[in-house]
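First the structure, in the form of structure tokens, and then the observations on it.
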Amino acid sequence: ELLNLSLLNDVAGKVTSALAMELDKRLKKSLLGDENYKLGDATKRTIASAVKSYTGKEEYEFGDVTKKVVSIFADETQGQVVTKDSPAMIGMKSANNDMEPSIVEALDKWDTLSEKQLQDGIDEIEQYVDLVEKEQRTEKK
């Protein structure tokens, strides 16, 4: 009799869990339009949309924001020439009409560092989301 009660509890727990997961999916789909929504998805979509809007590109590639900022600054400083005696500024052109190599090198280095930092941040967010989901599943049991 004790075995039957234990089996009944296991089955009831699995049915309740499956029902809760299905209700969760349906609620997410009706409210958010995505049944597989995870914590942080809306933020990621919002940021991606803002970046696409700012850069004017449909597909984001790392460095697009930097290129856009430099382009805007270059447009604002058009016609100004950097000489060897004047301080170099981002977007200003050298006498031979090229961007200062040291600035290009610095921007490339910055992009590389930023990409790693971005990936580290995304990894931390995903770990946090996994932890929250694990805690939620534990609380449901």
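Every chain in the structure tokens has a letter given in the order shown (A, B, ...), and although residue numbers restart at 1 in each chain, ligands are simply numbered from 1 in the order shown.
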_I'd like the contact shell of Asp34 in chain A - 9 Å cut-off, only C-alpha atoms, skipping same-chain residues fewer than 6 positions apart - returned as a PyMOL selection string._
chain A and resi 25-26+28
_Calculated over only C-alpha atoms, which of the candidates A:Ser49, A:Thr66, A:Gln136, A:Gln117 has the smallest distance to Ala20 in chain A?_
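Closest to Ala20 in chain A, using only C-alpha atoms: A:Gln136.
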_Excluding Val129 in chain A and its own-chain neighbours fewer than 5 positions away, which residues fall within 9 Å of it when counting only C-alpha atoms? Please give them as a list in words._
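Near Val129 in chain A, the qualifying residues are Lys38, Leu39, Gly40, Glu124 and Lys134 of chain A.
Between Asp41 in chain A and the residues A:Ile125, A:Leu19, A:Leu118, A:Ala12, the shortest atom-to-atom distance, using only C-alpha atoms, involves A:Ile125.
Using only C-alpha atoms, the nearest neighbour of Asp111 in chain A within the list A:Glu22, A:Glu35, A:Asp64, A:Glu58 is A:Asp64.
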_Interatomic distance, CA of Lys68 in chain A to CA of Ala42 in chain A (Å, one decimal)_ = 24.6 Å
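Of the listed residues (A:Ser71, A:Thr43, A:Ser6, A:Ser102), A:Ser71 comes nearest to Thr55 in chain A; the distances count only C-alpha atoms.
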_Residue with smallest distance to Leu107 in chain A - pool A:Thr46, A:Phe73, A:Lys67, A:Glu135, counting only C-alpha atoms_ =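 Using only C-alpha atoms, Leu107 in chain A sits closest to A:Lys67.
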